[in-house]
file input_7.pdb (PDB, C-alpha atoms and all ligand atoms)
ATOM      1  CA  MET Z   1      96.867 211.651  80.682
ATOM      2  CA  THR Z   2      97.491 215.328  81.099
ATOM      3  CA  SER Z   3      96.174 217.928  78.730
ATOM      4  CA  GLN Z   4      98.980 219.872  77.132
ATOM      5  CA  SER Z   5      97.107 222.198  74.847
ATOM      6  CA  GLY Z   6      94.531 223.397  77.326
ATOM      7  CA  ARG Z   7      91.948 223.161  74.579
ATOM      8  CA  GLY Z   8      91.159 219.547  75.217
ATOM      9  CA  GLY Z   9      92.319 217.225  72.625
ATOM     10  CA  HIS Z  10      93.244 216.536  69.104
ATOM     11  CA  VAL Z  11      93.626 219.093  66.379
ATOM     12  CA  ARG Z  12      92.557 217.019  63.414
ATOM     13  CA  MET Z  13      89.643 219.349  62.726
ATOM     14  CA  LEU Z  14      92.053 222.264  62.484
ATOM     15  CA  LEU Z  15      94.667 220.669  60.272
ATOM     16  CA  GLY Z  16      93.066 221.702  56.999
ATOM     17  CA  ALA Z  17      92.895 225.354  57.958
ATOM     18  CA  TYR Z  18      96.340 225.094  59.528
ATOM     19  CA  LEU Z  19      97.920 223.783  56.350
ATOM     20  CA  MET Z  20      96.206 226.392  54.214
ATOM     21  CA  GLY Z  21      97.459 229.120  56.531
ATOM     22  CA  GLY Z  22      93.945 230.007  57.560
ATOM     23  CA  LEU Z  23      94.344 229.795  61.318
ATOM     24  CA  PRO Z  24      94.950 232.702  63.687
ATOM     25  CA  LYS Z  25      98.512 232.798  64.967
ATOM     26  CA  ASP Z  26      97.566 231.472  68.397
ATOM     27  CA  ASP Z  27      95.640 228.540  66.988
ATOM     28  CA  ALA Z  28      98.397 227.717  64.547
ATOM     29  CA  ALA Z  29     100.868 227.690  67.422
ATOM     30  CA  ALA Z  30      98.601 225.376  69.405
ATOM     31  CA  VAL Z  31      98.321 223.015  66.449
ATOM     32  CA  ARG Z  32     102.074 223.041  65.942
ATOM     33  CA  ALA Z  33     102.640 222.312  69.637
ATOM     34  CA  HIS Z  34     100.142 219.476  69.567
ATOM     35  CA  LEU Z  35     101.769 217.910  66.522
ATOM     36  CA  GLU Z  36     105.001 217.724  68.520
ATOM     37  CA  VAL Z  37     103.407 215.494  71.130
ATOM     38  CA  CYS Z  38     100.698 213.586  69.273
ATOM     39  CA  ALA Z  39     101.716 210.931  66.787
ATOM     40  CA  ARG Z  40      98.166 210.451  65.616
ATOM     41  CA  CYS Z  41      97.593 214.054  64.617
ATOM     42  CA  LYS Z  42     101.114 214.211  63.196
ATOM     43  CA  ALA Z  43     100.298 211.285  60.921
ATOM     44  CA  GLU Z  44      97.096 213.006  59.844
ATOM     45  CA  HIS Z  45      99.079 216.168  59.183
ATOM     46  CA  ASP Z  46     101.615 214.294  57.074
ATOM     47  CA  ASP Z  47      98.772 212.790  55.054
ATOM     48  CA  LEU Z  48      97.192 216.158  54.401
ATOM     49  CA  ALA Z  49     100.322 218.192  53.776
ATOM     50  CA  PRO Z  50     100.943 217.026  50.180
ATOM     51  CA  VAL Z  51      97.276 217.560  49.328
ATOM     52  CA  SER Z  52      97.249 221.123  50.567
ATOM     53  CA  GLY Z  53     100.474 221.748  48.687
ATOM     54  CA  LEU Z  54      98.802 220.545  45.528
ATOM     55  CA  LEU Z  55      95.782 222.750  46.141
ATOM     56  CA  GLY Z  56      98.068 225.716  46.622
ATOM     57  CA  LEU Z  57      99.769 224.893  43.362
ATOM     58  CA  LEU Z  58      96.482 224.672  41.474
ATOM     59  CA  SER Z  59      95.083 227.869  42.945
ATOM     60  CA  GLY Z  60      98.274 229.560  41.818
ATOM     61  CA  ALA Z  61      97.279 228.540  38.279
ATOM     62  CA  GLN Z  62     100.899 227.816  37.459
ATOM     63  CA  VAL Z  63     101.341 224.168  36.688
ATOM     64  CA  PRO Z  64     104.868 223.367  35.583
ATOM     65  CA  PRO Z  65     104.806 221.758  32.125
ATOM     66  CA  ARG Z  66     106.615 218.707  33.438
ATOM     67  CA  LEU Z  67     103.559 217.893  35.542
ATOM     68  CA  ILE Z  68     101.371 217.660  32.464
ATOM     69  CA  VAL Z  69     101.665 214.180  31.088
ATOM     70  CA  ALA Z  70     100.976 213.866  27.388
ATOM     71  CA  PRO Z  71      98.888 210.858  26.391
TER
HETATM   72 ZN    ZN P 101      96.231 214.663  68.592
END

call {"tool": "encode", "arguments": {"input": "input_7.pdb", "output": "structure tokens"}}
result
Amino acid sequence: MTSQSGRGGHVRMLLGAYLMGGLPKDDAAAVRAHLEVCARCKAEHDDLAPVSGLLGLLSGAQVPPRLIVAP
């Protein structure tokens, strides 16, 4: 197995920061490149993506009324 990223391995630890836009450009590029070739990290990314989107929505403090379900 050849190393493609040069940083040795999976990027799961970086996915949170990556999705929140908190990674330096070079690291974000490395994560993106790794996701292209690694199904496992891609799956992890796809799991986290909706969560980070939700967090972004909440931190924006603008919840569309249709998301608020009346009892
Ligand atoms: Zn990986």

call {"tool": "atom_distance", "arguments": {"input": "input_7.pdb", "atom1": "CA of Ala39 in chain Z", "atom2": "atom ZN of ligand ZN 101 (chain P)"}}
result
6.9 Å

call {"tool": "closest_residue", "arguments": {"input": "input_7.pdb", "among": "Z:Ala49, Z:Leu23, Z:Gly9, Z:Leu14", "to": "ligand ZN 101 (chain P)", "atoms": "all atoms listed in the file"}}
result
Z:Gly9

call {"tool": "atom_distance", "arguments": {"input": "input_7.pdb", "atom1": "CA of Ala17 in chain Z", "atom2": "CA of Gly53 in chain Z"}}
result
12.5 Å

call {"tool": "atom_distance", "arguments": {"input": "input_7.pdb", "atom1": "CA of Ala30 in chain Z", "atom2": "CA of Leu48 in chain Z"}}
result
17.7 Å

call {"tool": "residues_near_ligand", "arguments": {"input": "input_7.pdb", "ligand": "ligand ZN 101 (chain P)", "cutoff": "8 Å", "atoms": "all atoms listed in the file", "output": "PDB file with C-alpha atoms, in the coordinates of the input"}}
result
ATOM      1  CA  GLY Z   9      92.319 217.225  72.625  1.00  0.00           C
ATOM      2  CA  HIS Z  10      93.244 216.536  69.104  1.00  0.00           C
ATOM      3  CA  VAL Z  11      93.626 219.093  66.379  1.00  0.00           C
ATOM      4  CA  ARG Z  12      92.557 217.019  63.414  1.00  0.00           C
ATOM      5  CA  HIS Z  34     100.142 219.476  69.567  1.00  0.00           C
ATOM      6  CA  LEU Z  35     101.769 217.910  66.522  1.00  0.00           C
ATOM      7  CA  VAL Z  37     103.407 215.494  71.130  1.00  0.00           C
ATOM      8  CA  CYS Z  38     100.698 213.586  69.273  1.00  0.00           C
ATOM      9  CA  ALA Z  39     101.716 210.931  66.787  1.00  0.00           C
ATOM     10  CA  ARG Z  40      98.166 210.451  65.616  1.00  0.00           C
ATOM     11  CA  CYS Z  41      97.593 214.054  64.617  1.00  0.00           C
ATOM     12  CA  LYS Z  42     101.114 214.211  63.196  1.00  0.00           C
TER      13      LYS Z  42
END

call {"tool": "build_atoms", "arguments": {"input": "input_7.pdb", "residues": "range 26-52 of chain Z", "atoms": "N, CA and C atoms", "output": "compact mmCIF listing (two decimals), in the coordinates of the input"}}
result
# COMPACT_ATOMS: atom_id res chain seq x y z
N ASP Z 26 97.62 232.24 67.15
CA ASP Z 26 97.57 231.47 68.40
C ASP Z 26 97.12 230.04 68.14
N ASP Z 27 96.12 229.88 67.28
CA ASP Z 27 95.64 228.54 66.99
C ASP Z 27 96.69 227.74 66.22
N ALA Z 28 97.35 228.40 65.30
CA ALA Z 28 98.40 227.72 64.55
C ALA Z 28 99.51 227.25 65.47
N ALA Z 29 99.84 228.07 66.45
CA ALA Z 29 100.87 227.69 67.42
C ALA Z 29 100.41 226.50 68.25
N ALA Z 30 99.14 226.49 68.62
CA ALA Z 30 98.60 225.38 69.40
C ALA Z 30 98.64 224.08 68.59
N VAL Z 31 98.29 224.19 67.32
CA VAL Z 31 98.32 223.02 66.45
C VAL Z 31 99.75 222.51 66.33
N ARG Z 32 100.68 223.43 66.10
CA ARG Z 32 102.07 223.04 65.94
C ARG Z 32 102.59 222.35 67.22
N ALA Z 33 102.21 222.91 68.37
CA ALA Z 33 102.64 222.31 69.64
C ALA Z 33 102.04 220.92 69.81
N HIS Z 34 100.80 220.77 69.41
CA HIS Z 34 100.14 219.48 69.57
C HIS Z 34 100.78 218.44 68.65
N LEU Z 35 101.15 218.84 67.46
CA LEU Z 35 101.77 217.91 66.52
C LEU Z 35 103.09 217.36 67.07
N GLU Z 36 103.74 218.17 67.92
CA GLU Z 36 105.00 217.72 68.52
C GLU Z 36 104.80 216.55 69.46
N VAL Z 37 103.61 216.48 70.06
CA VAL Z 37 103.41 215.49 71.13
C VAL Z 37 102.40 214.42 70.76
N CYS Z 38 101.76 214.53 69.61
CA CYS Z 38 100.70 213.59 69.27
C CYS Z 38 100.99 212.92 67.93
N ALA Z 39 101.36 211.65 68.01
CA ALA Z 39 101.72 210.93 66.79
C ALA Z 39 100.52 210.77 65.86
N ARG Z 40 99.34 210.68 66.46
CA ARG Z 40 98.17 210.45 65.62
C ARG Z 40 97.85 211.67 64.76
N CYS Z 41 97.86 212.83 65.37
CA CYS Z 41 97.59 214.05 64.62
C CYS Z 41 98.75 214.36 63.66
N LYS Z 42 99.96 214.02 64.08
CA LYS Z 42 101.11 214.21 63.20
C LYS Z 42 100.96 213.38 61.93
N ALA Z 43 100.50 212.15 62.09
CA ALA Z 43 100.30 211.28 60.92
C ALA Z 43 99.23 211.87 60.00
N GLU Z 44 98.16 212.37 60.62
CA GLU Z 44 97.10 213.01 59.84
C GLU Z 44 97.64 214.22 59.09
N HIS Z 45 98.46 215.00 59.78
CA HIS Z 45 99.08 216.17 59.18
C HIS Z 45 99.94 215.77 57.98
N ASP Z 46 100.73 214.71 58.16
CA ASP Z 46 101.62 214.29 57.07
C ASP Z 46 100.82 213.78 55.87
N ASP Z 47 99.63 213.22 56.15
CA ASP Z 47 98.77 212.79 55.05
C ASP Z 47 98.22 213.98 54.29
N LEU Z 48 97.86 215.01 55.02
CA LEU Z 48 97.19 216.16 54.40
C LEU Z 48 98.17 217.12 53.75
N ALA Z 49 99.38 217.18 54.24
CA ALA Z 49 100.32 218.19 53.78
C ALA Z 49 100.52 218.18 52.25
N PRO Z 50 100.76 217.02 51.64
CA PRO Z 50 100.94 217.03 50.18
C PRO Z 50 99.70 217.49 49.44
N VAL Z 51 98.53 217.16 49.98
CA VAL Z 51 97.28 217.56 49.33
C VAL Z 51 97.13 219.07 49.34
N SER Z 52 97.39 219.67 50.47
CA SER Z 52 97.25 221.12 50.57
C SER Z 52 98.29 221.81 49.69
